[in-house]
Structure formats: C-alpha cells, structure tokens
>>> print(open('entry_38.cif').read())   # mmCIF, C-alpha atoms and all ligand atoms
data_start
#
loop_
_atom_site.label_atom_id
_atom_site.label_comp_id
_atom_site.auth_asym_id
_atom_site.auth_seq_id
_atom_site.Cartn_x
_atom_site.Cartn_y
_atom_site.Cartn_z
CA MET E 1 118.67 46.40 50.03
CA PRO E 2 120.59 43.97 47.82
CA LEU E 3 118.46 41.27 46.16
CA SER E 4 118.82 37.87 47.82
CA ASN E 5 122.02 36.10 46.73
CA PHE E 6 123.46 39.39 45.54
CA VAL E 7 126.76 40.30 47.14
CA PRO E 8 127.45 43.99 47.81
CA ALA E 9 130.22 45.41 45.62
CA THR E 10 133.56 46.23 47.17
CA GLY E 11 136.42 48.41 45.94
CA LEU E 12 135.63 51.33 43.64
CA LEU E 13 132.01 50.31 42.97
CA GLY E 14 131.42 49.71 46.66
CA SER E 15 132.73 53.18 47.49
CA LEU E 16 130.06 55.02 45.45
CA ASP E 17 127.84 56.27 48.25
CA LEU E 18 124.86 57.39 46.14
CA LEU E 19 124.55 53.99 44.49
CA GLN E 20 123.95 50.61 45.98
CA ILE E 21 125.70 48.04 43.82
CA SER E 22 125.60 44.29 44.24
CA GLN E 23 126.28 41.31 42.03
CA ASP E 24 125.12 37.75 41.57
CA GLY E 25 127.14 35.96 38.89
CA PRO E 26 126.76 37.80 35.59
CA VAL E 27 124.02 40.15 36.86
CA LEU E 28 124.99 43.45 38.47
CA HIS E 29 122.25 45.33 40.33
CA LEU E 30 122.80 49.07 40.41
CA GLN E 31 120.34 51.03 42.51
CA LEU E 32 120.09 54.81 42.58
CA ASN E 33 120.24 55.33 46.32
CA ARG E 34 119.06 58.82 47.18
CA PRO E 35 115.48 58.05 48.18
CA ALA E 36 115.15 61.06 50.50
CA LYS E 37 115.57 63.25 47.41
CA ARG E 38 113.56 60.86 45.23
CA ASN E 39 116.81 59.83 43.51
CA ALA E 40 117.18 63.29 41.97
CA ILE E 41 120.38 63.34 39.92
CA SER E 42 122.93 65.69 41.44
CA ASP E 43 126.39 66.38 39.99
CA SER E 44 127.80 63.75 42.37
CA LEU E 45 125.21 61.16 41.37
CA ILE E 46 125.76 61.63 37.62
CA ALA E 47 129.52 61.29 38.18
CA GLN E 48 128.98 58.10 40.17
CA ILE E 49 126.66 56.64 37.52
CA HIS E 50 129.33 57.30 34.89
CA THR E 51 132.07 55.84 37.07
CA ALA E 52 130.04 52.69 37.70
CA PHE E 53 129.22 52.04 34.05
CA ILE E 54 132.78 52.48 32.83
CA ASN E 55 134.15 50.25 35.60
CA LEU E 56 131.87 47.22 35.41
CA PRO E 57 133.63 44.04 36.50
CA ASP E 58 134.71 41.86 33.57
CA ASP E 59 132.38 39.01 34.53
CA VAL E 60 129.24 41.19 34.40
CA ARG E 61 127.01 40.42 31.38
CA VAL E 62 123.95 42.54 32.21
CA VAL E 63 122.98 45.39 34.56
CA LEU E 64 119.68 45.77 36.39
CA LEU E 65 119.09 49.47 37.12
CA SER E 66 116.53 50.51 39.72
CA GLY E 67 115.78 53.33 42.14
CA ALA E 68 115.46 53.06 45.93
CA GLY E 69 112.14 54.06 47.46
CA GLU E 70 108.78 54.79 45.91
CA HIS E 71 110.08 56.73 42.92
CA PHE E 72 112.54 55.65 40.25
CA CYS E 73 113.99 59.12 39.70
CA ALA E 74 112.81 62.74 40.03
CA GLY E 75 115.24 63.93 37.34
CA LEU E 76 117.77 66.69 37.63
CA ASP E 77 118.56 67.91 41.14
CA LEU E 78 116.93 71.30 40.71
CA SER E 79 118.72 72.77 43.72
CA GLU E 80 121.99 72.69 41.74
CA LEU E 81 120.58 74.31 38.61
CA VAL E 82 120.08 77.88 39.71
CA ASP E 83 123.68 79.03 39.99
CA ARG E 84 125.12 77.78 36.68
CA ASP E 85 126.29 80.15 33.95
CA THR E 86 125.72 79.36 30.25
CA LEU E 87 128.98 77.54 29.62
CA GLY E 88 128.57 75.67 32.89
CA ALA E 89 125.11 74.59 31.75
CA VAL E 90 126.38 73.33 28.38
CA LEU E 91 129.18 71.37 30.06
CA HIS E 92 126.73 70.00 32.61
CA SER E 93 124.48 68.69 29.83
CA ARG E 94 127.48 67.23 28.01
CA GLY E 95 128.44 65.44 31.24
CA TRP E 96 125.02 63.80 31.34
CA HIS E 97 125.44 62.78 27.68
CA THR E 98 128.75 61.11 28.50
CA ALA E 99 127.24 59.25 31.45
CA PHE E 100 124.14 58.07 29.59
CA ASP E 101 126.17 57.13 26.51
CA ALA E 102 128.14 54.86 28.84
CA ILE E 103 124.82 53.16 29.61
CA GLN E 104 123.42 52.92 26.08
CA PHE E 105 126.70 52.22 24.31
CA GLY E 106 128.53 50.42 27.09
CA ARG E 107 129.64 46.81 27.20
CA VAL E 108 126.49 45.13 28.52
CA PRO E 109 122.72 45.53 28.17
CA VAL E 110 120.86 47.39 30.91
CA VAL E 111 117.37 46.53 32.18
CA ALA E 112 115.62 49.41 33.97
CA VAL E 113 113.01 48.73 36.65
CA LEU E 114 110.64 51.69 36.98
CA GLN E 115 108.23 52.74 39.70
CA GLY E 116 106.58 55.99 40.75
CA ALA E 117 108.03 59.13 39.18
CA VAL E 118 110.10 58.60 36.05
CA VAL E 119 110.34 62.25 35.21
CA GLY E 120 112.67 64.66 33.47
CA GLY E 121 116.18 63.30 33.73
CA GLY E 122 114.65 60.15 35.22
CA LEU E 123 112.96 59.46 31.91
CA GLU E 124 116.20 60.36 30.12
CA ILE E 125 118.23 57.78 32.04
CA ALA E 126 115.47 55.19 31.57
CA ALA E 127 115.53 55.92 27.83
CA SER E 128 119.29 55.16 27.78
CA CYS E 129 118.60 51.62 28.97
CA HIS E 130 117.84 48.74 26.64
CA ILE E 131 114.80 47.19 28.32
CA ARG E 132 112.29 48.94 30.58
CA VAL E 133 110.03 47.07 33.01
CA ALA E 134 107.43 49.10 34.90
CA GLU E 135 105.37 48.77 38.05
CA PRO E 136 101.75 49.90 37.63
CA SER E 137 102.74 52.86 39.87
CA ALA E 138 105.18 54.24 37.29
CA TYR E 139 104.39 57.50 35.56
CA PHE E 140 106.24 59.50 32.96
CA GLY E 141 106.57 63.25 32.71
CA LEU E 142 108.82 65.95 31.30
CA PRO E 143 108.34 68.86 33.73
CA GLU E 144 111.15 70.75 32.02
CA GLY E 145 108.46 72.61 30.06
CA GLN E 146 106.86 73.83 33.28
CA ARG E 147 110.21 74.62 34.94
CA GLY E 148 111.24 76.91 32.07
CA ILE E 149 114.09 74.69 30.92
CA PHE E 150 114.67 72.05 28.23
CA VAL E 151 115.80 68.46 28.34
CA GLY E 152 119.59 68.20 28.61
CA GLY E 153 120.32 64.54 29.30
CA GLY E 154 119.82 63.19 25.80
CA GLY E 155 116.02 63.24 26.05
CA SER E 156 115.44 65.03 22.76
CA VAL E 157 117.40 62.31 20.96
CA ARG E 158 116.26 59.19 22.78
CA ILE E 159 112.68 59.84 23.92
CA PRO E 160 111.20 60.62 20.46
CA ARG E 161 112.77 57.39 19.22
CA LEU E 162 110.67 55.54 21.81
CA MET E 163 107.37 57.41 21.82
CA GLY E 164 107.53 59.74 18.81
CA THR E 165 108.19 63.47 18.58
CA ALA E 166 104.49 64.40 18.76
CA ARG E 167 103.99 62.73 22.16
CA MET E 168 107.14 64.26 23.57
CA THR E 169 106.06 67.67 22.27
CA ASP E 170 102.71 67.21 24.03
CA MET E 171 104.41 66.22 27.31
CA MET E 172 106.70 69.23 27.24
CA LEU E 173 104.17 71.83 26.11
CA THR E 174 101.18 70.76 28.19
CA GLY E 175 102.82 68.97 31.10
CA ARG E 176 100.94 65.79 30.17
CA VAL E 177 101.90 62.81 32.33
CA PHE E 178 101.54 59.22 31.08
CA ASP E 179 100.77 56.30 33.35
CA ALA E 180 102.41 52.90 33.04
CA VAL E 181 99.68 51.49 30.78
CA ASP E 182 100.09 54.36 28.32
CA GLY E 183 103.87 54.08 28.75
CA GLU E 184 103.65 50.53 27.47
CA ARG E 185 101.18 51.48 24.72
CA PHE E 186 103.47 54.29 23.55
CA GLY E 187 106.61 52.14 23.45
CA VAL E 188 108.43 53.57 26.48
CA VAL E 189 107.90 50.39 28.49
CA GLN E 190 108.43 46.90 27.09
CA TYR E 191 107.01 45.03 30.11
CA LEU E 192 104.25 46.08 32.48
CA ALA E 193 104.57 44.00 35.66
CA GLU E 194 101.97 43.08 38.24
CA PRO E 195 102.16 45.24 41.42
CA GLY E 196 105.40 44.65 43.31
CA GLN E 197 106.78 42.32 40.62
CA ALA E 198 108.84 44.60 38.39
CA LEU E 199 112.19 43.93 40.08
CA ALA E 200 111.62 40.18 39.93
CA LYS E 201 110.57 40.49 36.29
CA GLY E 202 113.62 42.61 35.52
CA LEU E 203 115.85 40.03 37.17
CA GLU E 204 114.24 37.22 35.19
CA LEU E 205 114.88 39.14 31.97
CA ALA E 206 118.43 40.02 33.05
CA ARG E 207 119.26 36.36 33.62
CA LYS E 208 117.97 35.50 30.13
CA ILE E 209 119.99 38.32 28.60
CA ALA E 210 123.12 37.18 30.47
CA GLY E 211 122.88 33.86 28.63
CA ASN E 212 123.23 35.47 25.20
CA ALA E 213 126.43 35.46 23.18
CA PRO E 214 128.35 38.67 24.02
CA MET E 215 128.76 39.50 20.31
CA THR E 216 125.00 39.39 19.81
CA ALA E 217 124.51 41.69 22.78
CA PHE E 218 127.13 44.02 21.32
CA ALA E 219 125.46 44.01 17.90
CA VAL E 220 122.02 44.72 19.35
CA MET E 221 123.32 47.56 21.53
CA HIS E 222 125.75 49.17 19.12
CA ALA E 223 124.67 48.29 15.58
CA LEU E 224 120.88 48.29 15.86
CA PRO E 225 120.33 51.93 16.94
CA ARG E 226 122.94 53.15 14.44
CA ILE E 227 121.34 51.18 11.61
CA ALA E 228 117.99 52.69 12.59
CA ASP E 229 119.57 56.13 12.06
CA GLN E 230 121.10 55.23 8.68
CA SER E 231 119.51 55.37 5.26
CA PRO E 232 118.09 51.99 4.18
CA THR E 233 120.96 51.34 1.77
CA GLU E 234 123.62 52.11 4.38
CA GLY E 235 121.66 50.21 7.01
CA LEU E 236 121.46 47.08 4.92
CA PHE E 237 125.19 47.24 4.24
CA THR E 238 126.02 47.72 7.94
CA GLU E 239 123.70 44.83 8.76
CA SER E 240 125.57 42.52 6.38
CA LEU E 241 128.91 43.40 7.97
CA MET E 242 127.58 43.03 11.51
CA SER E 243 125.88 39.72 10.81
CA ALA E 244 129.03 38.31 9.19
CA VAL E 245 131.09 39.37 12.22
CA ALA E 246 128.60 37.79 14.64
CA ALA E 247 128.18 34.56 12.67
CA ASN E 248 131.93 34.01 12.59
CA THR E 249 132.45 33.95 16.33
CA PRO E 250 133.19 30.50 17.83
CA GLU E 251 130.21 30.95 20.15
CA ALA E 252 127.82 31.41 17.22
CA LYS E 253 129.23 28.36 15.48
CA SER E 254 128.86 26.18 18.56
CA ARG E 255 125.31 27.43 19.21
CA LEU E 256 124.30 26.75 15.60
CA ARG E 257 125.87 23.29 15.75
CA ALA E 258 123.99 22.59 18.99
CA PHE E 259 120.69 23.35 17.29
CA LEU E 260 121.48 21.25 14.23
CA GLU E 261 122.43 18.32 16.49
CA GLY E 262 119.17 18.64 18.47
CA ARG E 263 120.87 19.94 21.64
CA ALA E 264 119.39 23.44 21.66
CA PRO E 265 115.84 24.47 22.58
CA LYS E 266 113.32 25.04 19.83
CA VAL E 267 111.45 28.30 19.57
CA THR E 268 108.09 27.67 21.21
CA LYS E 269 105.33 29.73 22.77
CA THR E 270 106.63 28.77 26.21
CA SER E 271 109.83 30.77 25.61
CA GLU E 272 107.70 33.93 25.78
CA THR E 273 108.34 36.03 28.88
CA THR E 274 104.71 36.68 29.68
CA SER E 275 104.27 34.66 32.86
CA THR E 276 103.57 37.55 35.20
CA THR E 277 103.33 40.40 32.75
CA ARG E 278 101.75 41.65 29.63
CA SER E 279 104.48 42.18 27.07
CA ASN E 280 104.58 44.04 23.78
CA PRO E 281 104.40 41.79 20.73
C1 LIG A 301 114.16 67.21 44.71
C2 LIG A 301 113.73 66.85 43.41
C3 LIG A 301 114.48 67.37 42.33
C4 LIG A 301 112.41 65.91 44.83
N1 LIG A 301 115.53 68.17 42.60
N2 LIG A 301 115.20 68.01 44.92
N3 LIG A 301 112.26 67.25 38.16
C5 LIG A 301 111.07 67.67 38.65
O1 LIG A 301 110.60 68.74 38.33
C6 LIG A 301 110.39 66.77 39.64
C7 LIG A 301 110.35 67.43 40.99
N4 LIG A 301 109.90 66.51 42.02
C8 LIG A 301 108.58 66.21 42.24
O2 LIG A 301 107.71 66.57 41.49
C9 LIG A 301 108.28 65.40 43.46
O3 LIG A 301 109.36 65.53 44.37
C10 LIG A 301 108.04 63.88 43.19
C11 LIG A 301 106.69 63.74 42.48
C12 LIG A 301 109.15 63.25 42.37
C13 LIG A 301 107.97 63.13 44.55
O4 LIG A 301 107.01 63.75 45.38
P1 LIG A 301 107.03 63.42 46.95
O5 LIG A 301 105.84 64.09 47.56
O6 LIG A 301 107.17 61.95 47.16
O7 LIG A 301 108.39 64.06 47.53
P2 LIG A 301 108.75 65.61 47.81
O8 LIG A 301 108.28 65.97 49.18
O9 LIG A 301 108.30 66.48 46.71
O10 LIG A 301 110.34 65.57 47.76
C14 LIG A 301 111.10 64.96 48.78
C15 LIG A 301 112.43 65.69 48.84
O11 LIG A 301 113.11 65.48 47.61
C16 LIG A 301 112.28 67.19 48.98
O12 LIG A 301 113.41 67.67 49.67
P3 LIG A 301 113.33 68.02 51.26
O13 LIG A 301 114.74 68.40 51.59
O14 LIG A 301 112.32 69.11 51.37
O15 LIG A 301 112.88 66.76 51.94
C17 LIG A 301 112.35 67.67 47.55
O16 LIG A 301 112.78 69.02 47.44
C18 LIG A 301 113.40 66.74 47.00
N5 LIG A 301 113.30 66.61 45.55
N6 LIG A 301 112.66 66.04 43.52
C19 LIG A 301 115.86 68.46 43.86
N7 LIG A 301 114.20 67.04 41.07
C20 LIG A 301 119.76 67.20 32.32
S1 LIG A 301 118.35 68.06 32.22
C21 LIG A 301 117.13 67.23 33.11
C22 LIG A 301 116.06 68.20 33.47
C23 LIG A 301 115.14 67.67 34.48
O17 LIG A 301 115.23 66.57 34.95
S2 LIG A 301 113.90 68.74 34.92
C24 LIG A 301 112.85 67.80 35.93
C25 LIG A 301 113.15 68.01 37.37
#
>>> encode(input="entry_38.cif", output="structure tokens", more="lines below")
Ligand code: 1HE
Amino acid sequence: MPLSNFVPATGLLGSLDLLQISQDGPVLHLQLNRPAKRNAISDSLIAQIHTAFINLPDDVRVVLLSGAGEHFCAGLDLSELVDRDTLGAVLHSRGWHTAFDAIQFGRVPVVAVLQGAVVGGGLEIAASCHIRVAEPSAYFGLPEGQRGIFVGGGGSVRIPRLMGTARMTDMMLTGRVFDAVDGERFGVVQYLAEPGQALAKGLELARKIAGNAPMTAFAVMHALPRIADQSPTEGLFTESLMSAVAANTPEAKSRLRAFLEGRAPKVTKTSETTSTTRSNP
C-alpha cells in the first residue's frame, strides 16, 4: 500500500511488478513487493531493483526502501540457486553488485525500513543503504554459512564495515542471529523505532534528508566511504578537494549567508531526531 499522499509511479517504474513504487514530492517510496516469498530476491527482482535505482525521476531527492509483509527480505531466492554453473554463479553475484552499487553510489540517499527477517541478501541490500531504521521485530542473520554457500551480494565488503569482521564471522560460522537491539548496538541500525513506527520514522528522516543540498548528499554518499577506505594522508587530501567543491556551490553560499544573517536555524538539542526512537549518538 502506498503511504498516504504518495502517488503510485507510472511509466517504467510503475511497470515493475515486483516493486511497489510511489512518490510524494522529493521522496520516492520503493517497496519490495513479493511478500508471499518473504521478498526473496529472484533474478527478476534484482533486475527490477537495478532498473528502478538507475531510472529515478529527476525530482527525487531521497528513497525510502521497505519490504511488504512481516519480513523485510529473506535474501537470495534459493529456488533459483541450484541449477547455476560456476560462471553463471559469478555473473549472478556480479549482477547483485551492480544493483547494490546503484543503491549505495547512486544519485540520492536511501533510507531502509527493516522488520522481521533481514537475512542473507536481505542484510546485504540493507547494508547498501545509507540509513537503516528498524522495528523491534527486525532480526539479522547470514544463513549462507548453514546453506553451504557464501555471501555474494557485497556482504563481505559492506557488512564488516558496519558491524566488524569478527561479528560477521560469528554470524556465518555459528548461525548467530542478532535482534534489533543488538543490531543497533553493533552499528547495523542507526534508529530503533517503537513498534509499528519504523516506516513513519523513516519517512520523517527522508523528508529531512530531502532538504539537504544535493552536493552535500553527493559528498556524503560518494566521498565519505571512499575516504574511509583511503590512507589518512590520501583521505585528508580527498576531503580538502571535496569540501572546496561543496563550499563553492551557490546553494552552500546562500545557506551560509542565511545563517550569518540570522535566517537559518541554530543547532539545538531539539533538532535531534529522537522523538519516537532511541538513536545512536
Ligand atoms: C523463499 C525464501 C528464500 C522464503 N528463497 N523462497 N535465505 C534464507 O536462508 C532464508 C530462508 N527463509 C526463511 O528462513 C523463512 O522463510 C523466513 C524466516 C524468512 C520466513 O519464515 P515464514 O515462516 O514467515 O515463511 P516460510 O513459510 O518459510 O516461507 C514462505 C514462502 O516463501 C515459502 O514458499 P511456499 O511456496 O512454500 O509458500 C518459502 O519457500 C518462500 N521463501 N524465503 C526462496 N530465501 C547473493 S548471495 C545471497 C545469499 C543469501 O541470501 S542466502 C540466504 C537465503
């Protein structure tokens, strides 16, 4: 169901039958819509996710990603795995990388709203997003270890960067499953919502994000993770270049002028986003 005020997408985005896409101003809501299969990611679904993220309408400034039903995503559609040969498996994994790169390194930030199972490829797609908000029902697992396979959707790159290699090793070797509280404690989740409130919280955050200068959003999405992967000396240099680029946009200049002329809000405790949630510091 589209959120209230959200208008269902038409055209290409409206034709993607495994996604339900709707838009309200700068916020696009993209819902994985395969609840009968717990939003398991089939070849068709991964292709549709990729298509959606590379064809976002120009006026979209942020995406809210959620899953229909009681579970965010049960990961890879296991029924399609059995018949692939080795090259087919490599190409399949590379296809997931392309799709999830389009999320992480696309044009706009993505807020994921998580509930129920966030497992395997479900955790991999969540890890490609920029902000994760969780219902208390959310839980995180990497059953690949138990299924005799390995992560293939970018999990080995992105998940350790959120929770650390040791925790991911534990999940994969022992089948350990984390609940939402531990997910927040371990850095997988930035916001833990009250029951039934995660979508509303995600929307509130999305609207805030949509108000940012596009160049800042670009810098956060594209420069920050790359700087984190660079040596300190290279990182500092990249930071100087990125900050000079951002500061020289007309939007930055007008926002800075607005503050200096007393027209912009001050930074106060009330600008925290903790009204209905506990958030990480
Ligand atoms: C599926 C899948 C799936 C459900 N592939 N069909 N992921 C997993 O190992 C997780 C497997 N799924 C589960 O553990 C459970 O389904 C859930 C805990 C997520 C949900 O349980 P439940 O009781 O609500 O649903 P269900 O009865 O288990 O499943 C409902 C239907 O969805 C059923 O099909 P049906 O035709 O019998 O109704 C299930 O077969 C189907 N279903 N999950 C295919 N994953 C790029 S590499 C990534 C590697 C991975 O992601 S490995 C992790 C795979």
>>> residues_around(input="entry_38.cif", residues="Ser93 in chain E", least_positions_apart="6", cutoff="10 Å", atoms="all atoms listed in the file", output="ChimeraX atom specification")
/E:87,99,151-154
>>> closest_residue(input="entry_38.cif", among="E:Ala219, E:Ala200, E:Ala264, E:Ala213", to="Val245 in chain E", atoms="all atoms listed in the file")
E:Ala219
>>> residues_near_ligand(input="entry_38.cif", ligand="ligand LIG 301 (chain A)", cutoff="9 Å", atoms="all atoms listed in the file", output="ChimeraX atom specification")
/E:34-42,70-81,92-97,116-124,141-147,149-155
>>> closest_atom_pairs(input="entry_38.cif", of="range 46-134 of chain E", to="range 168-192 of chain E", cutoff="6 Å", atoms="all atoms listed in the file", output="JSON lines")
{"residue": "E:Arg132", "atom": "CA", "partner": "E:Val189", "partner_atom": "CA", "distance": 5.1}
{"residue": "E:Val133", "atom": "CA", "partner": "E:Tyr191", "partner_atom": "CA", "distance": 4.7}
{"residue": "E:Ala134", "atom": "CA", "partner": "E:Leu192", "partner_atom": "CA", "distance": 5.0}
>>> write_last_selection(input="entry_38.cif", atoms="C-alpha atoms", output="compact mmCIF listing (two decimals), in the coordinates of the input")
# COMPACT_ATOMS: atom_id res chain seq x y z
CA ARG E 132 112.29 48.94 30.58
CA VAL E 133 110.03 47.07 33.01
CA ALA E 134 107.43 49.10 34.90
>>> residues_around(input="entry_38.cif", residues="Leu18 in chain E", least_positions_apart="3", cutoff="9 Å", atoms="all atoms listed in the file", output="VMD selection string")
chain E and resid 31 to 34 39 44 to 45 48 to 49
>>> residues_around(input="entry_38.cif", residues="Leu199 in chain E", least_positions_apart="4", cutoff="12 Å", atoms="all atoms listed in the file", output="PyMOL selection string")
chain E and resi 2-4+29-31+64-68+72+111-115+132-135+191-195+203-206+276
>>> write_last_selection(input="entry_38.cif", atoms="C-alpha atoms", output="PDB file, in the coordinates of the input")
ATOM      1  CA  PRO E   2     120.590  43.970  47.820  1.00  0.00           C
ATOM      2  CA  LEU E   3     118.460  41.270  46.160  1.00  0.00           C
ATOM      3  CA  SER E   4     118.820  37.870  47.820  1.00  0.00           C
ATOM      4  CA  HIS E  29     122.250  45.330  40.330  1.00  0.00           C
ATOM      5  CA  LEU E  30     122.800  49.070  40.410  1.00  0.00           C
ATOM      6  CA  GLN E  31     120.340  51.030  42.510  1.00  0.00           C
ATOM      7  CA  LEU E  64     119.680  45.770  36.390  1.00  0.00           C
ATOM      8  CA  LEU E  65     119.090  49.470  37.120  1.00  0.00           C
ATOM      9  CA  SER E  66     116.530  50.510  39.720  1.00  0.00           C
ATOM     10  CA  GLY E  67     115.780  53.330  42.140  1.00  0.00           C
ATOM     11  CA  ALA E  68     115.460  53.060  45.930  1.00  0.00           C
ATOM     12  CA  PHE E  72     112.540  55.650  40.250  1.00  0.00           C
ATOM     13  CA  VAL E 111     117.370  46.530  32.180  1.00  0.00           C
ATOM     14  CA  ALA E 112     115.620  49.410  33.970  1.00  0.00           C
ATOM     15  CA  VAL E 113     113.010  48.730  36.650  1.00  0.00           C
ATOM     16  CA  LEU E 114     110.640  51.690  36.980  1.00  0.00           C
ATOM     17  CA  GLN E 115     108.230  52.740  39.700  1.00  0.00           C
ATOM     18  CA  ARG E 132     112.290  48.940  30.580  1.00  0.00           C
ATOM     19  CA  VAL E 133     110.030  47.070  33.010  1.00  0.00           C
ATOM     20  CA  ALA E 134     107.430  49.100  34.900  1.00  0.00           C
ATOM     21  CA  GLU E 135     105.370  48.770  38.050  1.00  0.00           C
ATOM     22  CA  TYR E 191     107.010  45.030  30.110  1.00  0.00           C
ATOM     23  CA  LEU E 192     104.250  46.080  32.480  1.00  0.00           C
ATOM     24  CA  ALA E 193     104.570  44.000  35.660  1.00  0.00           C
ATOM     25  CA  GLU E 194     101.970  43.080  38.240  1.00  0.00           C
ATOM     26  CA  PRO E 195     102.160  45.240  41.420  1.00  0.00           C
ATOM     27  CA  LEU E 203     115.850  40.030  37.170  1.00  0.00           C
ATOM     28  CA  GLU E 204     114.240  37.220  35.190  1.00  0.00           C
ATOM     29  CA  LEU E 205     114.880  39.140  31.970  1.00  0.00           C
ATOM     30  CA  ALA E 206     118.430  40.020  33.050  1.00  0.00           C
ATOM     31  CA  THR E 276     103.570  37.550  35.200  1.00  0.00           C
TER      32      THR E 276
END
>>> atom_distance(input="entry_38.cif", atom1="CA of Val60 in chain E", atom2="CA of Lys201 in chain E")
18.8 Å
>>> axis_aligned_box(input="entry_38.cif", around="range 55-73 of chain E", padding_each_side="6 Å", output="JSON")
{"center_x": 121.7, "center_y": 49.1, "center_z": 39.4, "size_x": 37.9, "size_y": 32.1, "size_z": 28.1}
>>> atom_distance(input="entry_38.cif", atom1="CA of Ala217 in chain E", atom2="CA of Arg263 in chain E")
22.1 Å
>>> atom_distance(input="entry_38.cif", atom1="CA of Lys208 in chain E", atom2="CA of Phe140 in chain E")
26.9 Å
